[in-house]
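One file, my_file.cif, carrying mmCIF, C-alpha atoms:
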```cif
data_work
loop_
_atom_site.group_PDB
_atom_site.id
_atom_site.type_symbol
_atom_site.label_atom_id
_atom_site.label_comp_id
_atom_site.auth_asym_id
_atom_site.auth_seq_id
_atom_site.Cartn_x
_atom_site.Cartn_y
_atom_site.Cartn_z
ATOM 1 C CA MET F 23 0.000 0.000 0.000
ATOM 2 C CA ASN F 24 1.392 3.381 -0.972
ATOM 3 C CA SER F 25 1.138 6.267 1.446
ATOM 4 C CA PHE F 26 1.652 9.655 -0.111
ATOM 5 C CA LYS F 27 2.505 12.676 2.005
ATOM 6 C CA ALA F 28 1.939 16.143 0.542
ATOM 7 C CA ARG F 29 4.840 18.574 0.678
ATOM 8 C CA PRO F 30 4.071 22.157 1.781
ATOM 9 C CA ALA F 31 2.658 24.491 -0.880
ATOM 10 C CA LEU F 32 5.111 26.765 -2.641
ATOM 11 C CA GLY F 33 5.166 30.442 -1.721
ATOM 12 C CA PHE F 34 4.912 33.258 -4.264
ATOM 13 C CA ARG F 35 8.648 33.925 -4.604
ATOM 14 C CA GLU F 36 9.610 30.251 -4.727
ATOM 15 C CA ALA F 37 6.891 29.392 -7.271
ATOM 16 C CA VAL F 38 7.693 32.324 -9.575
ATOM 17 C CA SER F 39 11.410 31.555 -9.386
ATOM 18 C CA MET F 40 10.753 27.899 -10.203
ATOM 19 C CA GLY F 41 8.464 28.899 -13.090
ATOM 20 C CA PHE F 42 11.066 31.221 -14.612
ATOM 21 C CA LYS F 43 13.822 28.618 -14.235
ATOM 22 C CA GLN F 44 11.724 26.157 -16.233
ATOM 23 C CA LEU F 45 10.320 28.729 -18.660
ATOM 24 C CA LEU F 46 11.033 26.632 -21.757
ATOM 25 C CA VAL F 47 10.740 23.132 -20.239
ATOM 26 C CA LEU F 48 7.861 21.123 -21.716
ATOM 27 C CA ASN F 49 8.445 17.834 -19.931
ATOM 28 C CA GLY F 50 7.781 17.088 -16.290
ATOM 29 C CA ARG F 51 5.084 18.238 -13.920
ATOM 30 C CA SER F 52 4.147 21.476 -12.117
ATOM 31 C CA ARG F 53 2.231 21.888 -8.884
ATOM 32 C CA ARG F 54 -0.916 23.961 -8.592
ATOM 33 C CA SER F 55 0.806 26.451 -6.317
ATOM 34 C CA GLU F 56 3.656 26.900 -8.809
ATOM 35 C CA PHE F 57 1.227 27.355 -11.694
ATOM 36 C CA TRP F 58 -1.193 29.792 -10.037
ATOM 37 C CA TRP F 59 1.489 31.962 -8.389
ATOM 38 C CA PHE F 60 3.305 32.127 -11.712
ATOM 39 C CA MET F 61 0.040 33.108 -13.430
ATOM 40 C CA LEU F 62 -0.457 35.916 -10.913
ATOM 41 C CA ALA F 63 3.073 37.197 -11.563
ATOM 42 C CA PHE F 64 2.464 36.920 -15.308
ATOM 43 C CA ILE F 65 -0.777 38.919 -15.089
ATOM 44 C CA ILE F 66 0.966 41.667 -13.094
ATOM 45 C CA ILE F 67 3.891 41.836 -15.556
ATOM 46 C CA ASP F 68 1.520 41.774 -18.537
ATOM 47 C CA TRP F 69 -0.566 44.595 -17.050
ATOM 48 C CA ILE F 70 2.525 46.728 -16.395
ATOM 49 C CA LEU F 71 3.788 46.131 -19.945
ATOM 50 C CA SER F 72 0.385 46.977 -21.432
ATOM 51 C CA VAL F 73 0.367 50.293 -19.543
ATOM 52 C CA ILE F 74 3.901 51.067 -20.689
ATOM 53 C CA LEU F 75 3.141 50.075 -24.293
ATOM 54 C CA SER F 76 -0.226 51.831 -24.478
ATOM 55 C CA PHE F 77 1.435 54.535 -26.567
ATOM 56 C CA ALA F 78 3.282 52.088 -28.833
ATOM 57 C CA PRO F 79 1.922 51.047 -32.231
ATOM 58 C CA MET F 80 -0.785 48.388 -32.028
ATOM 59 C CA ILE F 81 1.357 45.776 -33.808
ATOM 60 C CA VAL F 82 4.021 46.037 -31.080
ATOM 61 C CA SER F 83 1.544 45.455 -28.250
ATOM 62 C CA VAL F 84 -0.189 42.582 -30.108
ATOM 63 C CA ALA F 85 3.143 40.912 -30.897
ATOM 64 C CA LEU F 86 4.288 41.264 -27.293
ATOM 65 C CA SER F 87 0.963 39.924 -26.020
ATOM 66 C CA CYS F 88 1.269 36.844 -28.279
ATOM 67 C CA LEU F 89 4.867 36.303 -27.147
ATOM 68 C CA MET F 90 3.871 36.620 -23.490
ATOM 69 C CA GLY F 91 1.065 34.111 -24.077
ATOM 70 C CA LEU F 92 3.556 31.723 -25.635
ATOM 71 C CA LEU F 93 5.618 31.861 -22.434
ATOM 72 C CA LEU F 94 2.638 30.433 -20.525
ATOM 73 C CA VAL F 95 2.466 27.325 -22.698
ATOM 74 C CA PRO F 96 5.260 25.309 -20.986
ATOM 75 C CA ILE F 97 4.035 25.796 -17.409
ATOM 76 C CA THR F 98 0.459 25.053 -18.478
ATOM 77 C CA ILE F 99 1.604 21.896 -20.241
ATOM 78 C CA ARG F 100 3.488 20.789 -17.117
ATOM 79 C CA ARG F 101 0.410 21.572 -14.986
ATOM 80 C CA LEU F 102 -1.788 19.373 -17.187
ATOM 81 C CA GLN F 103 0.827 16.618 -17.175
ATOM 82 C CA ASP F 104 0.743 16.649 -13.357
ATOM 83 C CA GLY F 105 -2.799 15.339 -13.621
ATOM 84 C CA GLY F 106 -1.896 12.926 -16.419
ATOM 85 C CA HIS F 107 -3.565 14.993 -19.179
ATOM 86 C CA SER F 108 -2.278 15.579 -22.702
ATOM 87 C CA LYS F 109 -0.313 18.672 -23.697
ATOM 88 C CA TRP F 110 -2.412 18.894 -26.873
ATOM 89 C CA TRP F 111 -5.187 20.704 -24.970
ATOM 90 C CA VAL F 112 -2.782 23.595 -24.455
ATOM 91 C CA ILE F 113 -1.086 23.509 -27.848
ATOM 92 C CA ILE F 114 -4.329 23.427 -29.856
ATOM 93 C CA GLY F 115 -5.925 26.084 -27.641
ATOM 94 C CA TRP F 116 -2.951 28.435 -27.911
ATOM 95 C CA ALA F 117 -2.658 27.975 -31.682
ATOM 96 C CA ALA F 118 -6.385 28.676 -32.111
ATOM 97 C CA ALA F 119 -6.144 31.785 -29.916
ATOM 98 C CA LEU F 120 -3.193 33.000 -31.999
ATOM 99 C CA VAL F 121 -5.123 32.497 -35.250
ATOM 100 C CA TYR F 122 -8.125 34.277 -33.697
ATOM 101 C CA THR F 123 -6.002 37.244 -32.603
ATOM 102 C CA ILE F 124 -4.239 37.545 -35.942
ATOM 103 C CA ASP F 125 -7.557 37.315 -37.801
ATOM 104 C CA ILE F 126 -9.094 40.089 -35.686
ATOM 105 C CA TYR F 127 -6.260 42.485 -36.487
ATOM 106 C CA THR F 128 -5.630 41.528 -40.110
ATOM 107 C CA GLY F 129 -9.248 40.963 -41.123
ATOM 108 C CA GLY F 130 -10.340 44.508 -40.347
ATOM 109 C CA LEU F 131 -12.519 43.741 -37.336
ATOM 110 C CA TYR F 132 -10.347 45.700 -34.929
ATOM 111 C CA GLU F 133 -10.507 48.817 -37.103
ATOM 112 C CA ALA F 134 -14.244 48.400 -37.738
ATOM 113 C CA LEU F 135 -14.962 48.228 -33.999
ATOM 114 C CA ASN F 136 -12.748 51.212 -33.184
ATOM 115 C CA THR F 137 -14.143 53.730 -35.648
ATOM 116 C CA VAL F 138 -16.183 56.739 -34.574
ATOM 117 C CA ASN F 139 -19.318 55.538 -36.382
ATOM 118 C CA PRO F 140 -19.048 51.760 -36.802
ATOM 119 C CA ASN F 141 -21.073 50.197 -39.575
ATOM 120 C CA PRO F 142 -23.185 47.388 -38.027
ATOM 121 C CA SER F 143 -23.509 45.435 -41.283
ATOM 122 C CA GLU F 144 -19.725 45.546 -41.798
ATOM 123 C CA ILE F 145 -19.121 44.341 -38.231
ATOM 124 C CA THR F 146 -21.665 41.554 -38.669
ATOM 125 C CA ARG F 147 -19.956 40.501 -41.907
ATOM 126 C CA LEU F 148 -16.541 40.503 -40.213
ATOM 127 C CA PHE F 149 -17.835 38.464 -37.257
ATOM 128 C CA SER F 150 -19.217 35.930 -39.765
ATOM 129 C CA ASP F 151 -15.688 35.067 -40.937
ATOM 130 C CA PRO F 152 -15.408 31.250 -40.716
ATOM 131 C CA VAL F 153 -11.754 31.424 -39.636
ATOM 132 C CA LEU F 154 -12.691 33.731 -36.758
ATOM 133 C CA ILE F 155 -15.618 31.514 -35.725
ATOM 134 C CA ILE F 156 -13.690 28.219 -35.863
ATOM 135 C CA ALA F 157 -10.595 29.618 -34.141
ATOM 136 C CA GLY F 158 -12.700 31.279 -31.448
ATOM 137 C CA LEU F 159 -14.767 28.172 -30.752
ATOM 138 C CA THR F 160 -11.682 25.941 -30.751
ATOM 139 C CA SER F 161 -9.917 28.245 -28.325
ATOM 140 C CA PHE F 162 -12.992 28.415 -26.093
ATOM 141 C CA PHE F 163 -13.696 24.671 -26.064
ATOM 142 C CA THR F 164 -10.076 23.712 -25.382
ATOM 143 C CA GLY F 165 -9.733 26.482 -22.802
ATOM 144 C CA ILE F 166 -12.512 25.201 -20.545
ATOM 145 C CA PRO F 167 -11.027 21.710 -19.960
ATOM 146 C CA THR F 168 -7.538 23.208 -19.681
ATOM 147 C CA PHE F 169 -8.730 25.599 -16.967
ATOM 148 C CA ILE F 170 -10.515 22.786 -15.110
ATOM 149 C CA PHE F 171 -7.458 20.502 -15.357
ATOM 150 C CA CYS F 172 -5.312 23.316 -13.914
ATOM 151 C CA LEU F 173 -7.681 23.593 -10.939
ATOM 152 C CA LEU F 174 -7.579 19.882 -10.111
ATOM 153 C CA ASP F 175 -4.978 18.281 -7.887
ATOM 154 C CA GLY F 176 -2.224 16.299 -9.592
ATOM 155 C CA LYS F 177 -1.875 12.555 -9.349
ATOM 156 C CA PRO F 178 0.114 11.535 -6.263
ATOM 157 C CA GLU F 179 1.652 8.552 -7.987
ATOM 158 C CA PRO F 180 4.306 8.817 -10.691
ATOM 159 C CA ASN F 181 2.918 8.970 -14.232
ATOM 160 C CA ILE F 182 4.448 8.956 -17.702
ATOM 161 C CA TYR F 183 5.533 12.576 -17.153
ATOM 162 C CA GLY F 184 7.571 11.865 -14.018
ATOM 163 C CA GLU F 185 7.386 11.874 -10.224
ATOM 164 C CA SER F 186 4.828 14.010 -8.447
ATOM 165 C CA PRO F 187 6.265 17.394 -7.439
ATOM 166 C CA LYS F 188 3.759 17.613 -4.577
ATOM 167 C CA TYR F 189 3.553 14.176 -3.045
ATOM 168 C CA ASP F 190 6.398 12.347 -1.365
ATOM 169 C CA ASN F 191 6.078 8.599 -1.470
ATOM 170 C CA SER F 192 9.502 7.808 -0.033
ATOM 171 C CA GLY F 193 7.786 6.268 2.980
ATOM 172 C CA SER F 194 5.766 3.920 0.801
ATOM 173 C CA SER F 195 6.087 0.223 1.214
ATOM 174 C CA ILE F 196 6.587 -1.261 -2.220
ATOM 175 C CA PRO F 197 7.413 -4.940 -2.162
ATOM 176 C CA ALA F 198 10.799 -5.799 -3.633
ATOM 177 C CA GLU F 199 10.793 -8.163 -6.562
#
```

Will you turn the file into structure tokens for me?
Amino acid sequence: MNSFKARPALGFREAVSMGFKQLLVLNGRSRRSEFWWFMLAFIIIDWILSVILSFAPMIVSVALSCLMGLLLVPITIRRLQDGGHSKWWVIIGWAAALVYTIDIYTGGLYEALNTVNPNPSEITRLFSDPVLIIAGLTSFFTGIPTFIFCLLDGKPEPNIYGESPKYDNSGSSIPAE
């Protein structure tokens, strides 16, 4: 019988440091505390950058936003892997969100919505773009399970992605073969 003992939750500084050290690592597992503290730090940094870049050309802020979103992919993948879930939820969702964002800015929807007197028929036509609809729905319907998986506790036992970062099973009694 295995007995798993949970290690203490990571603090803000420790979790953010750990997240930045593994910024480009796609394999392994991440704890909930590491993921959510890192997300909080990311949101704060993203907000500060958006305030600083509010006077920059739109393409600069959109490019930086997409790059910042890309930096969240590895920790989200590791968070899903902690629960034994596939990284494809994150990859497909991020790719769809990128296509959606690019389509909004290159398809004219952004400009149509930000004019002084927007033309409702033009906006309706732009929102009817199949690429925008498919990318938006794909992003939405992969985002919901991804969010739920990130909320759930990881598996205490080792899985194909490695040992649990939260649970210590060194005191387990596994019969020797």

Which is closer to Tyr127 in chain F than all the others in F:Ser83, F:Ser39, F:Asn191, F:Asn181, using all atoms listed in the file?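 Distance minimum relative to Tyr127 in chain F lands on F:Ser83.
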
Hey, what comes out of the PyMOL selection byres ((chain F and resi 117) around 12) on this file? Could you write it as a PDB file with C-alpha atoms, in the frame of the given file?
```
ATOM      1  CA  CYS F  88       1.269  36.844 -28.279  1.00  0.00           C
ATOM      2  CA  GLY F  91       1.065  34.111 -24.077  1.00  0.00           C
ATOM      3  CA  LEU F  92       3.556  31.723 -25.635  1.00  0.00           C
ATOM      4  CA  VAL F  95       2.466  27.325 -22.698  1.00  0.00           C
ATOM      5  CA  TRP F 110      -2.412  18.894 -26.873  1.00  0.00           C
ATOM      6  CA  TRP F 111      -5.187  20.704 -24.970  1.00  0.00           C
ATOM      7  CA  VAL F 112      -2.782  23.595 -24.455  1.00  0.00           C
ATOM      8  CA  ILE F 113      -1.086  23.509 -27.848  1.00  0.00           C
ATOM      9  CA  ILE F 114      -4.329  23.427 -29.856  1.00  0.00           C
ATOM     10  CA  GLY F 115      -5.925  26.084 -27.641  1.00  0.00           C
ATOM     11  CA  TRP F 116      -2.951  28.435 -27.911  1.00  0.00           C
ATOM     12  CA  ALA F 118      -6.385  28.676 -32.111  1.00  0.00           C
ATOM     13  CA  ALA F 119      -6.144  31.785 -29.916  1.00  0.00           C
ATOM     14  CA  LEU F 120      -3.193  33.000 -31.999  1.00  0.00           C
ATOM     15  CA  VAL F 121      -5.123  32.497 -35.250  1.00  0.00           C
ATOM     16  CA  TYR F 122      -8.125  34.277 -33.697  1.00  0.00           C
ATOM     17  CA  THR F 123      -6.002  37.244 -32.603  1.00  0.00           C
ATOM     18  CA  ILE F 124      -4.239  37.545 -35.942  1.00  0.00           C
ATOM     19  CA  ILE F 156     -13.690  28.219 -35.863  1.00  0.00           C
ATOM     20  CA  ALA F 157     -10.595  29.618 -34.141  1.00  0.00           C
ATOM     21  CA  GLY F 158     -12.700  31.279 -31.448  1.00  0.00           C
ATOM     22  CA  THR F 160     -11.682  25.941 -30.751  1.00  0.00           C
ATOM     23  CA  SER F 161      -9.917  28.245 -28.325  1.00  0.00           C
ATOM     24  CA  PHE F 162     -12.992  28.415 -26.093  1.00  0.00           C
ATOM     25  CA  THR F 164     -10.076  23.712 -25.382  1.00  0.00           C
ATOM     26  CA  GLY F 165      -9.733  26.482 -22.802  1.00  0.00           C
TER      27      GLY F 165
END
```

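Remark: for Ser25 in chain F, the closest of the candidate residues F:Asp104, F:Pro142, F:Val153, F:Tyr189 is F:Tyr189 (distances computed over only C-alpha atoms).
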
Got a sec to resolve the PyMOL selection byres ((chain F and resi 49) around 7) on this structure and send the residues as an MDAnalysis selection string? chainID F and resid 47:48 50:51 100 183

Between F:Leu46, F:Leu62, F:Asp68, F:Phe77, single out the one closest to Ile99 in chain F, counting only C-alpha atoms.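 Among F:Leu46, F:Leu62, F:Asp68, F:Phe77, it is F:Leu46 that comes nearest to Ile99 in chain F.
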
Mind pulling up the distance from CA of Cys172 in chain F to CA of Arg101 in chain F?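 Interatomic distance, CA of Arg101 in chain F to CA of Cys172 in chain F: 6.1 Å.
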
Expressed in Å to a single decimal, how great is the separation between CA of Thr128 in chain F and CA of Val84 in chain F?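 The value is 11.4 Å.
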
Which residues come within 10 Å of range 173-180 of chain F, counting only C-alpha atoms, excluding same-chain residues fewer than 4 positions away, as a VMD selection string? chain F and resid 24 to 28 51 to 54 57 to 58 101 to 107 167 to 169 184 to 191

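Here CA of Val82 in chain F and CA of Trp69 in chain F stand 14.8 Å from one another.
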
Taking all atoms of range 128-139 of chain F that the file lists and extending 5 Å past them on each side, where is the centre of the axis-aligned box and how long are its edges? Answer in Å to one decimal, as JSON.
```
{"center_x": -12.5, "center_y": 48.9, "center_z": -37.2, "size_x": 23.7, "size_y": 25.8, "size_z": 17.9}
```

Pick from F:Ile145, F:Lys109, F:Glu133, F:Ala63, whichever lies nearest to Met80 in chain F using only C-alpha atoms: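 Closest to Met80 in chain F of all the choices is F:Glu133.
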
Check which residues satisfy the PyMOL selection byres ((chain F and resi 32) around 10) in the file shown, then give them as a list of chain:residue names. F:Arg29, F:Pro30, F:Ala31, F:Gly33, F:Phe34, F:Arg35, F:Glu36, F:Ala37, F:Val38, F:Met40, F:Arg53, F:Arg54, F:Ser55, F:Glu56, F:Phe57, F:Trp59, F:Lys188

In terms of the shortest atom-to-atom distance over only C-alpha atoms, which of F:Ile126, F:Met90, F:Ile170, F:Ile81 is closest to Asp151 in chain F?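 Of the candidates, the smallest distance to Asp151 in chain F is held by F:Ile126.
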